[in-house]
$ cat run-v6.cif   # mmCIF, C-alpha atoms and all ligand atoms
data_my_file
loop_
_atom_site.label_atom_id
_atom_site.label_comp_id
_atom_site.auth_asym_id
_atom_site.auth_seq_id
_atom_site.Cartn_x
_atom_site.Cartn_y
_atom_site.Cartn_z
CA MET A 15 98.92 135.82 139.68
CA SER A 16 99.11 137.65 136.40
CA ASP A 17 97.74 136.24 133.17
CA SER A 18 101.15 135.75 131.64
CA THR A 19 102.43 133.59 134.50
CA LYS A 20 99.27 131.50 134.37
CA LYS A 21 99.76 130.90 130.67
CA GLY A 22 103.28 129.70 131.27
CA MET A 23 102.30 127.03 133.77
CA PHE A 24 102.48 124.18 131.25
CA ASP A 25 105.19 125.67 129.08
CA TRP A 26 107.62 122.98 130.18
CA TYR A 27 105.25 120.52 128.54
CA PHE A 28 103.93 122.30 125.48
CA LYS A 29 107.15 124.07 124.59
CA SER A 30 109.40 121.01 124.78
CA ASN A 31 110.04 118.79 121.78
CA LEU A 32 107.00 116.64 121.04
CA LEU A 33 108.93 113.63 119.78
CA MET A 34 111.15 113.71 122.85
CA ARG A 35 108.08 113.68 125.06
CA ILE A 36 106.55 110.80 123.12
CA LEU A 37 109.77 108.79 123.35
CA ILE A 38 109.96 109.40 127.08
CA GLY A 39 106.35 108.21 127.38
CA LEU A 40 107.24 105.11 125.37
CA ILE A 41 110.27 104.12 127.41
CA LEU A 42 108.66 104.98 130.76
CA GLY A 43 105.57 102.99 129.74
CA ALA A 44 107.60 99.90 128.89
CA VAL A 45 109.62 100.08 132.10
CA VAL A 46 106.67 100.80 134.37
CA GLY A 47 104.61 98.10 132.62
CA LEU A 48 107.31 95.46 133.10
CA VAL A 49 107.85 96.44 136.74
CA VAL A 50 104.20 96.72 137.78
CA GLY A 51 102.85 93.81 135.71
CA PRO A 52 99.14 93.16 135.06
CA ASP A 53 98.12 95.57 137.87
CA ILE A 54 98.93 98.43 135.51
CA LYS A 55 95.52 97.95 133.89
CA TRP A 56 94.11 100.97 135.71
CA VAL A 57 95.88 103.26 133.22
CA ASN A 58 93.68 101.80 130.48
CA PRO A 59 91.34 104.83 130.16
CA PHE A 60 94.30 107.13 129.46
CA GLY A 61 95.31 104.98 126.50
CA ASP A 62 91.74 104.56 125.32
CA LEU A 63 91.35 108.32 125.37
CA PHE A 64 94.21 108.71 122.89
CA VAL A 65 92.87 106.02 120.57
CA ARG A 66 89.35 107.46 120.69
CA LEU A 67 90.62 110.95 119.86
CA LEU A 68 92.46 109.60 116.83
CA LYS A 69 89.54 107.50 115.69
CA MET A 70 87.25 110.50 115.98
CA ILE A 71 89.25 112.22 113.28
CA VAL A 72 89.67 109.36 110.83
CA VAL A 73 86.44 109.46 108.84
CA PRO A 74 86.27 113.25 108.43
CA VAL A 75 89.96 113.39 107.46
CA ILE A 76 89.64 110.70 104.79
CA PHE A 77 86.43 112.04 103.34
CA LEU A 78 87.21 115.75 103.38
CA SER A 79 90.75 115.47 102.08
CA LEU A 80 90.06 112.75 99.53
CA VAL A 81 87.17 114.61 97.92
CA GLY A 82 89.37 117.71 97.72
CA GLY A 83 92.33 115.64 96.49
CA ALA A 84 90.38 113.76 93.82
CA ALA A 85 88.77 116.95 92.59
CA SER A 86 92.08 118.71 92.13
CA ILE A 87 93.76 116.01 90.06
CA SER A 88 92.66 114.97 86.60
CA PRO A 89 91.02 111.53 86.37
CA ALA A 90 93.77 110.36 83.99
CA ARG A 91 96.43 111.45 86.45
CA LEU A 92 94.56 109.82 89.30
CA GLY A 93 94.52 106.62 87.29
CA LYS A 94 98.29 106.82 86.76
CA VAL A 95 98.93 107.45 90.44
CA GLY A 96 96.56 104.59 91.23
CA VAL A 97 98.36 102.08 89.03
CA LYS A 98 101.77 103.09 90.39
CA ILE A 99 100.77 102.93 94.04
CA VAL A 100 98.94 99.62 93.68
CA ALA A 101 101.95 98.10 91.89
CA TYR A 102 104.24 99.36 94.65
CA TYR A 103 101.94 98.13 97.42
CA LEU A 104 101.64 94.68 95.87
CA PHE A 105 105.33 94.29 95.10
CA THR A 106 106.55 95.33 98.55
CA THR A 107 104.03 93.05 100.23
CA VAL A 108 105.26 90.03 98.30
CA VAL A 109 108.88 90.95 99.10
CA ALA A 110 107.87 91.30 102.75
CA VAL A 111 106.42 87.78 103.01
CA ILE A 112 109.51 86.35 101.33
CA ILE A 113 111.81 88.14 103.79
CA GLY A 114 109.64 86.82 106.64
CA LEU A 115 109.83 83.27 105.31
CA ILE A 116 113.60 83.45 104.87
CA PHE A 117 114.03 84.46 108.51
CA ALA A 118 111.53 81.84 109.68
CA ASN A 119 113.42 79.13 107.79
CA ILE A 120 116.70 80.23 109.35
CA LEU A 121 115.55 80.76 112.93
CA LYS A 122 112.84 78.08 112.92
CA PRO A 123 110.55 79.55 115.60
CA GLY A 124 108.38 76.92 117.28
CA LEU A 125 110.74 74.04 116.52
CA GLY A 126 110.90 71.60 119.40
CA LEU A 127 107.60 72.60 120.99
CA ASN A 128 106.22 69.19 120.04
CA LEU A 129 102.61 70.16 120.31
CA ALA A 130 101.76 67.29 117.95
CA GLY A 131 101.56 64.90 120.87
CA VAL A 132 98.37 66.59 121.98
CA THR A 133 95.36 65.50 119.97
CA GLY A 134 91.70 66.21 119.79
CA ALA A 135 89.08 67.02 117.22
CA GLY A 136 86.64 69.81 116.99
CA ARG A 137 84.85 72.56 115.25
CA GLU A 138 86.62 74.63 112.63
CA LEU A 139 87.02 78.32 113.43
CA LYS A 140 85.40 80.71 111.01
CA GLN A 141 87.66 82.16 108.34
CA PRO A 142 86.93 85.45 106.61
CA ASP A 143 85.56 85.42 103.08
CA LEU A 144 87.84 87.28 100.70
CA ILE A 145 85.39 87.76 97.81
CA THR A 146 82.84 89.43 100.07
CA THR A 147 85.57 91.65 101.48
CA LEU A 148 86.45 92.78 97.97
CA LEU A 149 82.83 93.35 96.94
CA ASN A 150 82.24 95.39 100.06
CA ILE A 151 84.54 98.07 98.67
CA ILE A 152 81.51 99.44 96.85
CA PRO A 153 79.16 100.87 99.46
CA THR A 154 75.46 100.28 99.11
CA ASN A 155 74.98 103.20 101.44
CA PRO A 156 77.89 105.66 101.81
CA VAL A 157 76.42 107.19 104.94
CA GLU A 158 76.28 103.79 106.58
CA SER A 159 79.93 103.18 105.64
CA MET A 160 80.92 106.47 107.21
CA ALA A 161 78.93 105.72 110.32
CA LYS A 162 80.68 102.37 110.61
CA GLY A 163 84.07 103.78 109.70
CA ASP A 164 84.60 101.31 106.81
CA VAL A 165 87.58 102.86 105.08
CA LEU A 166 87.53 101.23 101.63
CA PRO A 167 83.90 102.08 100.83
CA ILE A 168 84.54 105.62 102.06
CA ILE A 169 87.56 105.89 99.74
CA PHE A 170 85.49 104.58 96.85
CA PHE A 171 82.66 107.01 97.42
CA ALA A 172 84.94 109.99 98.09
CA LEU A 173 86.83 109.27 94.85
CA VAL A 174 83.63 109.07 92.84
CA PHE A 175 82.31 112.24 94.46
CA GLY A 176 85.63 114.07 94.02
CA ILE A 177 85.95 113.09 90.37
CA GLY A 178 82.38 114.26 89.78
CA LEU A 179 83.22 117.56 91.43
CA SER A 180 86.38 117.94 89.32
CA TYR A 181 84.20 118.00 86.20
CA LEU A 182 81.86 120.60 87.67
CA VAL A 183 84.74 122.91 88.54
CA GLU A 184 85.42 123.14 84.80
CA SER A 185 81.80 123.44 83.77
CA ASP A 186 80.76 125.95 81.09
CA ILE A 187 77.79 127.01 83.11
CA PRO A 188 78.93 129.79 85.49
CA ARG A 189 76.36 128.96 88.19
CA ILE A 190 77.54 125.36 88.44
CA ARG A 191 81.23 126.24 88.12
CA ASP A 192 81.09 128.86 90.88
CA GLY A 193 79.13 126.59 93.17
CA ALA A 194 81.57 123.74 92.59
CA LYS A 195 84.51 125.99 93.44
CA ILE A 196 82.88 126.98 96.72
CA LEU A 197 82.15 123.35 97.54
CA LEU A 198 85.75 122.40 96.80
CA GLN A 199 87.00 125.20 99.02
CA TRP A 200 84.68 123.97 101.71
CA PHE A 201 86.23 120.51 101.54
CA ASP A 202 89.76 121.94 101.58
CA THR A 203 89.06 124.11 104.60
CA GLY A 204 87.39 121.17 106.31
CA ALA A 205 90.49 119.04 105.76
CA GLU A 206 92.74 121.85 107.05
CA THR A 207 90.61 122.10 110.17
CA MET A 208 91.00 118.39 110.80
CA TYR A 209 94.79 118.64 110.44
CA LYS A 210 94.78 121.37 113.05
CA VAL A 211 92.85 119.04 115.33
CA VAL A 212 95.41 116.28 114.70
CA LYS A 213 98.17 118.57 115.90
CA GLY A 214 96.20 119.25 119.06
CA VAL A 215 95.56 115.56 119.68
CA LEU A 216 99.27 114.84 119.32
CA GLN A 217 99.93 117.04 122.33
CA TYR A 218 98.21 114.37 124.36
CA ALA A 219 100.21 111.61 122.67
CA PRO A 220 102.98 111.29 125.28
CA ILE A 221 100.47 110.43 128.00
CA GLY A 222 98.44 108.15 125.72
CA VAL A 223 101.62 106.43 124.55
CA PHE A 224 102.72 105.85 128.12
CA ALA A 225 99.42 104.21 129.03
CA LEU A 226 99.16 102.04 125.90
CA ILE A 227 102.70 100.73 126.18
CA ALA A 228 102.50 100.17 129.93
CA ILE A 229 99.45 97.94 129.45
CA VAL A 230 101.04 95.86 126.68
CA PHE A 231 104.25 95.32 128.61
CA GLY A 232 102.42 94.89 131.91
CA THR A 233 100.16 92.15 130.60
CA GLN A 234 102.29 90.46 127.94
CA GLY A 235 105.84 91.72 128.20
CA ALA A 236 107.25 88.86 130.21
CA LYS A 237 105.81 86.24 127.84
CA ALA A 238 107.95 87.46 124.98
CA PHE A 239 111.05 86.47 126.90
CA GLY A 240 109.90 82.86 127.23
CA PRO A 241 109.51 80.21 124.53
CA LEU A 242 107.78 82.70 122.31
CA GLY A 243 110.91 84.81 122.28
CA THR A 244 112.15 83.27 119.04
CA VAL A 245 108.98 84.10 117.16
CA THR A 246 109.04 87.67 118.50
CA LEU A 247 112.69 87.98 117.54
CA THR A 248 112.11 86.51 114.07
CA VAL A 249 109.21 88.86 113.38
CA TYR A 250 111.09 91.95 114.55
CA LEU A 251 114.27 91.01 112.67
CA ALA A 252 112.31 90.60 109.45
CA LEU A 253 110.47 93.89 110.06
CA VAL A 254 113.73 95.75 110.55
CA VAL A 255 115.36 94.15 107.50
CA HIS A 256 112.36 95.04 105.34
CA LEU A 257 112.50 98.60 106.66
CA PHE A 258 116.18 99.09 105.91
CA LEU A 259 116.54 96.91 102.86
CA THR A 260 113.33 97.15 100.85
CA TYR A 261 112.37 100.72 101.76
CA GLY A 262 116.02 101.78 101.88
CA VAL A 263 116.58 100.54 98.33
CA PHE A 264 113.31 102.03 97.05
CA LEU A 265 114.18 105.43 98.50
CA LYS A 266 117.78 105.27 97.32
CA VAL A 267 116.78 104.38 93.77
CA ASN A 268 114.54 107.44 93.82
CA ASN A 269 117.31 109.64 95.23
CA LEU A 270 115.54 110.18 98.53
CA GLY A 271 117.43 110.05 101.82
CA PHE A 272 116.42 107.18 104.10
CA PHE A 273 117.17 109.02 107.33
CA LYS A 274 115.50 112.17 106.10
CA PHE A 275 112.48 110.00 105.47
CA LEU A 276 112.59 108.59 109.00
CA ARG A 277 112.88 112.09 110.41
CA GLY A 278 109.72 113.15 108.64
CA ALA A 279 107.80 109.95 109.30
CA LYS A 280 108.65 109.34 112.95
CA GLU A 281 105.49 110.67 114.62
CA ALA A 282 103.29 108.48 112.45
CA MET A 283 105.57 105.48 113.03
CA ILE A 284 105.42 105.87 116.80
CA THR A 285 101.67 106.46 116.77
CA ALA A 286 101.20 103.29 114.72
CA PHE A 287 103.48 101.39 117.08
CA VAL A 288 101.48 102.26 120.16
CA THR A 289 97.93 102.35 118.79
CA ARG A 290 98.40 99.17 116.72
CA SER A 291 96.02 100.59 114.16
CA SER A 292 96.89 101.81 110.67
CA SER A 293 93.44 103.34 110.31
CA GLY A 294 93.64 105.07 113.68
CA THR A 295 97.07 106.46 112.78
CA LEU A 296 95.88 107.74 109.41
CA PRO A 297 95.36 111.39 110.45
CA VAL A 298 98.94 111.51 111.77
CA THR A 299 100.28 109.67 108.71
CA MET A 300 98.63 112.20 106.42
CA GLN A 301 99.87 115.13 108.41
CA CYS A 302 103.48 113.86 108.49
CA THR A 303 103.48 113.01 104.80
CA GLU A 304 102.16 116.40 103.75
CA ASP A 305 103.92 118.66 106.25
CA ASN A 306 107.25 116.86 106.70
CA LEU A 307 107.74 114.87 103.51
CA GLY A 308 106.30 117.41 101.10
CA VAL A 309 103.71 115.23 99.35
CA PRO A 310 100.79 117.20 97.89
CA ARG A 311 97.35 116.37 99.18
CA SER A 312 96.11 115.47 95.72
CA ILE A 313 98.30 112.36 95.97
CA SER A 314 98.50 111.56 99.68
CA SER A 315 94.77 111.89 100.28
CA PHE A 316 94.30 108.97 97.92
CA THR A 317 97.34 106.76 98.45
CA LEU A 318 97.46 106.88 102.26
CA PRO A 319 93.88 105.86 103.12
CA LEU A 320 94.20 103.15 100.48
CA GLY A 321 97.52 102.03 101.94
CA ALA A 322 96.18 102.07 105.50
CA THR A 323 93.57 99.60 104.38
CA VAL A 324 95.26 97.32 101.87
CA ASN A 325 99.03 97.72 102.17
CA MET A 326 100.32 95.81 105.15
CA ASP A 327 103.90 94.66 104.72
CA GLY A 328 104.33 94.13 108.44
CA THR A 329 101.22 92.01 108.63
CA SER A 330 102.27 89.83 105.71
CA ILE A 331 105.70 89.29 107.30
CA TYR A 332 103.99 88.31 110.53
CA GLN A 333 101.58 85.96 108.79
CA GLY A 334 104.36 84.20 106.89
CA ILE A 335 106.47 83.71 110.00
CA CYS A 336 103.57 82.64 112.18
CA ALA A 337 102.37 80.11 109.62
CA LEU A 338 105.81 78.54 109.80
CA PHE A 339 105.83 78.82 113.59
CA VAL A 340 102.59 76.83 113.77
CA ALA A 341 103.98 74.23 111.36
CA PHE A 342 107.21 73.85 113.33
CA ALA A 343 105.31 73.73 116.62
CA VAL A 344 103.22 70.77 115.46
CA GLY A 345 106.23 69.10 113.88
CA GLN A 346 105.34 69.60 110.20
CA GLU A 347 107.92 70.45 107.58
CA LEU A 348 106.59 72.81 104.93
CA GLY A 349 108.00 72.25 101.45
CA PHE A 350 108.73 74.81 98.75
CA SER A 351 105.28 74.68 97.14
CA GLN A 352 103.54 75.10 100.49
CA GLN A 353 105.73 78.09 101.25
CA MET A 354 104.85 79.55 97.87
CA THR A 355 101.21 79.12 98.79
CA ILE A 356 101.97 81.11 101.94
CA VAL A 357 103.45 83.92 99.82
CA ILE A 358 100.22 84.17 97.84
CA THR A 359 97.75 83.78 100.69
CA ALA A 360 99.67 86.00 103.11
CA THR A 361 99.70 88.70 100.44
CA LEU A 362 95.94 88.36 99.94
CA ALA A 363 95.28 88.02 103.66
CA SER A 364 97.24 91.17 104.45
CA ILE A 365 95.25 93.05 101.81
CA GLY A 366 92.06 91.86 103.45
CA THR A 367 93.26 92.71 106.95
CA ALA A 368 91.53 95.71 108.48
CA GLY A 369 93.77 98.42 109.90
CA VAL A 370 92.72 97.76 113.47
CA PRO A 371 94.51 96.07 116.37
CA GLY A 372 94.73 92.31 116.11
CA ALA A 373 93.08 91.99 112.69
CA GLY A 374 96.13 90.30 111.19
CA ALA A 375 95.85 87.44 113.64
CA ILE A 376 92.33 86.67 112.43
CA MET A 377 93.42 86.66 108.80
CA LEU A 378 96.24 84.30 109.76
CA LEU A 379 93.50 81.65 109.90
CA MET A 380 93.11 81.99 106.16
CA VAL A 381 96.82 81.47 105.59
CA LEU A 382 96.87 78.40 107.82
CA ASN A 383 93.86 76.98 106.01
CA SER A 384 95.54 77.38 102.65
CA ILE A 385 98.41 75.11 103.67
CA GLY A 386 96.11 72.46 105.05
CA MET A 387 96.43 73.41 108.69
CA PRO A 388 92.95 74.58 109.68
CA VAL A 389 92.58 75.77 113.24
CA LYS A 390 90.12 73.42 114.90
CA GLU A 391 89.38 73.65 118.58
CA GLY A 392 91.29 71.24 120.72
CA THR A 393 93.94 70.41 118.11
CA PRO A 394 97.70 71.04 118.36
CA ILE A 395 97.38 73.60 115.59
CA ALA A 396 94.85 75.50 117.67
CA MET A 397 97.23 75.41 120.62
CA ALA A 398 100.08 76.82 118.57
CA TYR A 399 97.77 79.48 117.21
CA ALA A 400 96.63 80.34 120.73
CA MET A 401 100.26 80.79 121.78
CA ILE A 402 100.73 83.36 119.03
CA LEU A 403 97.55 85.12 120.10
CA GLY A 404 99.01 85.38 123.59
CA ILE A 405 101.72 87.74 122.42
CA ASP A 406 99.79 89.28 119.57
CA ALA A 407 99.85 92.80 120.96
CA LEU A 408 103.65 92.83 120.98
CA LEU A 409 103.86 91.58 117.41
CA ASP A 410 101.08 93.90 116.35
CA MET A 411 103.00 96.99 117.46
CA GLY A 412 105.93 96.26 115.16
CA ARG A 413 103.90 95.12 112.20
CA THR A 414 101.54 98.10 112.33
CA CYS A 415 104.51 100.46 112.49
CA LEU A 416 105.92 98.87 109.34
CA ASN A 417 102.51 98.86 107.64
CA VAL A 418 102.23 102.61 108.05
CA THR A 419 105.86 103.22 107.11
CA GLY A 420 105.38 101.32 103.84
CA ASP A 421 102.43 103.53 102.93
CA MET A 422 104.50 106.66 103.45
CA VAL A 423 107.47 105.36 101.44
CA GLY A 424 105.20 104.44 98.53
CA THR A 425 103.41 107.76 98.66
CA ALA A 426 106.67 109.74 98.64
CA ILE A 427 108.02 107.70 95.73
CA VAL A 428 104.88 108.05 93.65
CA ALA A 429 104.81 111.80 94.35
CA LYS A 430 108.45 112.02 93.27
CA SER A 431 107.78 110.11 90.06
CA GLU A 432 104.92 112.51 89.34
CA LYS A 433 107.33 115.42 89.95
CA GLU A 434 105.03 116.60 92.73
CA LEU A 435 107.33 116.09 95.71
CA ASP A 436 108.49 119.19 97.53
CA LEU A 437 112.20 118.35 97.61
CA SER A 438 113.02 121.26 99.91
CA LYS A 439 111.66 119.09 102.75
CA TRP A 440 114.29 116.46 101.98
CA SER A 441 117.35 118.66 102.00
N1 LIG A 501 97.06 96.17 113.45
C1 LIG A 501 97.45 96.10 112.07
C2 LIG A 501 97.22 97.45 111.41
O1 LIG A 501 96.37 98.19 111.83
C3 LIG A 501 96.74 95.04 111.33
C4 LIG A 501 97.14 93.72 111.86
O2 LIG A 501 96.59 93.30 112.88
O3 LIG A 501 98.03 93.10 111.29
O4 LIG A 501 97.88 97.76 110.46
#

$ encode --input "run-v6.cif" --output "structure tokens" --more "lines below"
Ligand code: ASP
Amino acid sequence: MSDSTKKGMFDWYFKSNLLMRILIGLILGAVVGLVVGPDIKWVNPFGDLFVRLLKMIVVPVIFLSLVGGAASISPARLGKVGVKIVAYYLFTTVVAVIIGLIFANILKPGLGLNLAGVTGAGRELKQPDLITTLLNIIPTNPVESMAKGDVLPIIFFALVFGIGLSYLVESDIPRIRDGAKILLQWFDTGAETMYKVVKGVLQYAPIGVFALIAIVFGTQGAKAFGPLGTVTLTVYLALVVHLFLTYGVFLKVNNLGFFKFLRGAKEAMITAFVTRSSSGTLPVTMQCTEDNLGVPRSISSFTLPLGATVNMDGTSIYQGICALFVAFAVGQELGFSQQMTIVITATLASIGTAGVPGAGAIMLLMVLNSIGMPVKEGTPIAMAYAMILGIDALLDMGRTCLNVTGDMVGTAIVAKSEKELDLSKWS
């Protein structure tokens, strides 16, 4: 066999459209999962492989590109971008919870479950401490944060380092200036290298996607068609409405095409959907935003890691709806002021939620606590909460997808407002 025929052996795979392959993996995974059921678990390692490959890239991508990004933008400009993106992140999250609550009040998931008949008393489950979470943004040891993959402290340190470097690049002392330029180039090349690796990893995505989806549908798929169907439906309806309405309006107001956005963002959206991790998807999110949506790295390298960690519209929608689900399930009516409390705590809880699978369900405890429904073992509230946990993977897919999408919309809009968006990618 000649060399050229050998090379062509996998052409059918590598030369076909990547998104098409990923979508086929997605649909096949769902179908095979539903048909085979829990026995599909043996494909687990193939899914884990995909997630591990993505996770491997996260810390180097954030650090290398954020140092380079922060160094190439003036601190004043960085501050302006920061204020804009934080305002956007906060606003859309609040809108998201409200949309979730509206749908939950209309569809009333959990109503009629009558779990209140079951009683019992017990120990309170531990809820996360928000103040500590906020303080932890400042690393006591940056190397430890990197080793643990804690995104916010890494962002903080990379920003500080990058800003420091941006001053050195303009130093009057030639020795320092030249050295700083080399260091900056080193970071840029490092980031480029990681993006190349992301593209390689994505070639494996169709297989990884197949395995991840097959497991979710194999182990939990059927449950979503039962009594928990309404909550699944409510969550997904609210997610879709937020996608089309909130993001649609934001993009429209900024003269950016919604479908052009989806075209550029799709790989990241699908990766988020199947990996259920905003942090894990980050390398793909950054690549899509820079290559397809035309956002410069000086902006995306800051806004996207931040968004992956604190901006979770999907999670806040989910938390709002599930808080109401639990209330309905135990036969409690929540009044206006309690629902307002949900808006505030779900916003805070989603900010505190880590970008990893299932984290939003843990922070839901905080929301439930705030409306006087603490999850104590053996109580009806705990039962309702456990029901939600049973289908968490399914809900997590949708909410993570929206979480990542929101980050990309915000990043594109901020870049546009800074006149930094490459509009040729949107035509
Ligand atoms: N899995 C979500 C994410 O990574 C967080 C959550 O569980 O809500 O964005």

$ closest_atom_pairs --input "run-v6.cif" --of "chain A" --to "ligand LIG 501 (chain A)" --cutoff "6 Å" --atoms "all atoms listed in the file" --output "JSON lines"
{"residue": "A:Arg290", "atom": "CA", "partner": "A:LIG501", "partner_atom": "N1", "distance": 4.6}
{"residue": "A:Ser291", "atom": "CA", "partner": "A:LIG501", "partner_atom": "O1", "distance": 3.4}
{"residue": "A:Ser292", "atom": "CA", "partner": "A:LIG501", "partner_atom": "O1", "distance": 3.8}
{"residue": "A:Thr329", "atom": "CA", "partner": "A:LIG501", "partner_atom": "O3", "distance": 4.3}
{"residue": "A:Ala368", "atom": "CA", "partner": "A:LIG501", "partner_atom": "C3", "distance": 6.0}
{"residue": "A:Gly369", "atom": "CA", "partner": "A:LIG501", "partner_atom": "O1", "distance": 3.2}
{"residue": "A:Val370", "atom": "CA", "partner": "A:LIG501", "partner_atom": "O1", "distance": 4.0}
{"residue": "A:Pro371", "atom": "CA", "partner": "A:LIG501", "partner_atom": "N1", "distance": 3.9}
{"residue": "A:Gly372", "atom": "CA", "partner": "A:LIG501", "partner_atom": "O2", "distance": 3.9}
{"residue": "A:Ala373", "atom": "CA", "partner": "A:LIG501", "partner_atom": "O2", "distance": 3.8}
{"residue": "A:Gly374", "atom": "CA", "partner": "A:LIG501", "partner_atom": "O3", "distance": 3.4}
{"residue": "A:Ala375", "atom": "CA", "partner": "A:LIG501", "partner_atom": "O2", "distance": 6.0}
{"residue": "A:Asp410", "atom": "CA", "partner": "A:LIG501", "partner_atom": "N1", "distance": 5.5}
{"residue": "A:Thr414", "atom": "CA", "partner": "A:LIG501", "partner_atom": "O4", "distance": 4.1}
{"residue": "A:Asn417", "atom": "CA", "partner": "A:LIG501", "partner_atom": "O4", "distance": 5.5}

$ atom_distance --input "run-v6.cif" --atom1 "CA of Thr361 (chain A)" --atom2 "CA of Gln346 (chain A)"
22.2 Å

$ atom_distance --input "run-v6.cif" --atom1 "CA of Val95 (chain A)" --atom2 "CA of Phe287 (chain A)"
27.7 Å

$ closest_residue --input "run-v6.cif" --among "A:Gly235, A:Ala90, A:Asn119, A:Met401" --to "Gly349 (chain A)" --atoms "only C-alpha atoms"
A:Asn119

$ atom_distance --input "run-v6.cif" --atom1 "CA of Ala426 (chain A)" --atom2 "CA of Ser293 (chain A)"
18.8 Å

$ residues_around --input "run-v6.cif" --residues "Lys98 (chain A)" --least-positions-apart "3" --cutoff "12 Å" --atoms "all atoms listed in the file" --output "list in words"
Arg91, Leu92, Gly93, Lys94, Val95, Ala101, Tyr102, Tyr103, Leu104, Phe105, Ile313, Thr317, Gly424, Thr425, Ala426, Ile427, Val428, Ala429, Lys430, Ser431 and Glu432 of chain A

$ residues_near_point --input "run-v6.cif" --point "(105.3, 78.7, 110.1)" --cutoff "12 Å" --atoms "all atoms listed in the file" --output "PyMOL selection string"
chain A and resi 111+114-125+245+248-249+331-349+352-353+356-357+360+378+381-382+385+387+395+398-399+402

$ residues_around --input "run-v6.cif" --residues "region 209-212 of chain A" --least-positions-apart "4" --cutoff "9 Å" --atoms "all atoms listed in the file" --output "NGL selection string"
:A and (67-68 or 71 or 75 or 204-205 or 216-217 or 297-298 or 300-301)

$ axis_aligned_box --input "run-v6.cif" --around "region 204-213 of chain A" --padding-each-side "4 Å" --output "lines of an AutoDock Vina configuration file"
center_x = 92.8
center_y = 119.2
center_z = 110.8
size_x = 18.8
size_y = 13.8
size_z = 18.1

$ closest_residue --input "run-v6.cif" --among "A:Thr260, A:Met377, A:Ala110, A:Val183" --to "Gly328 (chain A)" --atoms "only C-alpha atoms"
A:Ala110

$ decode --input "run-v6.cif" --residues "region 403-422 of chain A" --atoms "C-alpha atoms" --output "tab-separated table (two decimals), in the first residue's frame"
chain	number	residue	atom	x	y	z
A	403	LEU	CA	-31.39	15.32	41.65
A	404	GLY	CA	-32.61	12.19	39.89
A	405	ILE	CA	-32.89	14.01	36.59
A	406	ASP	CA	-30.18	16.56	37.23
A	407	ALA	CA	-27.98	15.45	34.35
A	408	LEU	CA	-30.75	16.15	31.84
A	409	LEU	CA	-31.43	19.60	33.26
A	410	ASP	CA	-27.72	20.28	33.56
A	411	MET	CA	-27.15	19.78	29.83
A	412	GLY	CA	-29.59	22.52	28.87
A	413	ARG	CA	-28.59	24.96	31.56
A	414	THR	CA	-24.87	24.60	30.89
A	415	CYS	CA	-25.47	25.17	27.18
A	416	LEU	CA	-27.29	28.41	27.98
A	417	ASN	CA	-24.64	29.43	30.53
A	418	VAL	CA	-21.94	29.25	27.88
A	419	THR	CA	-24.11	30.90	25.23
A	420	GLY	CA	-24.74	33.87	27.52
A	421	ASP	CA	-21.01	34.37	27.99
A	422	MET	CA	-20.46	34.47	24.23
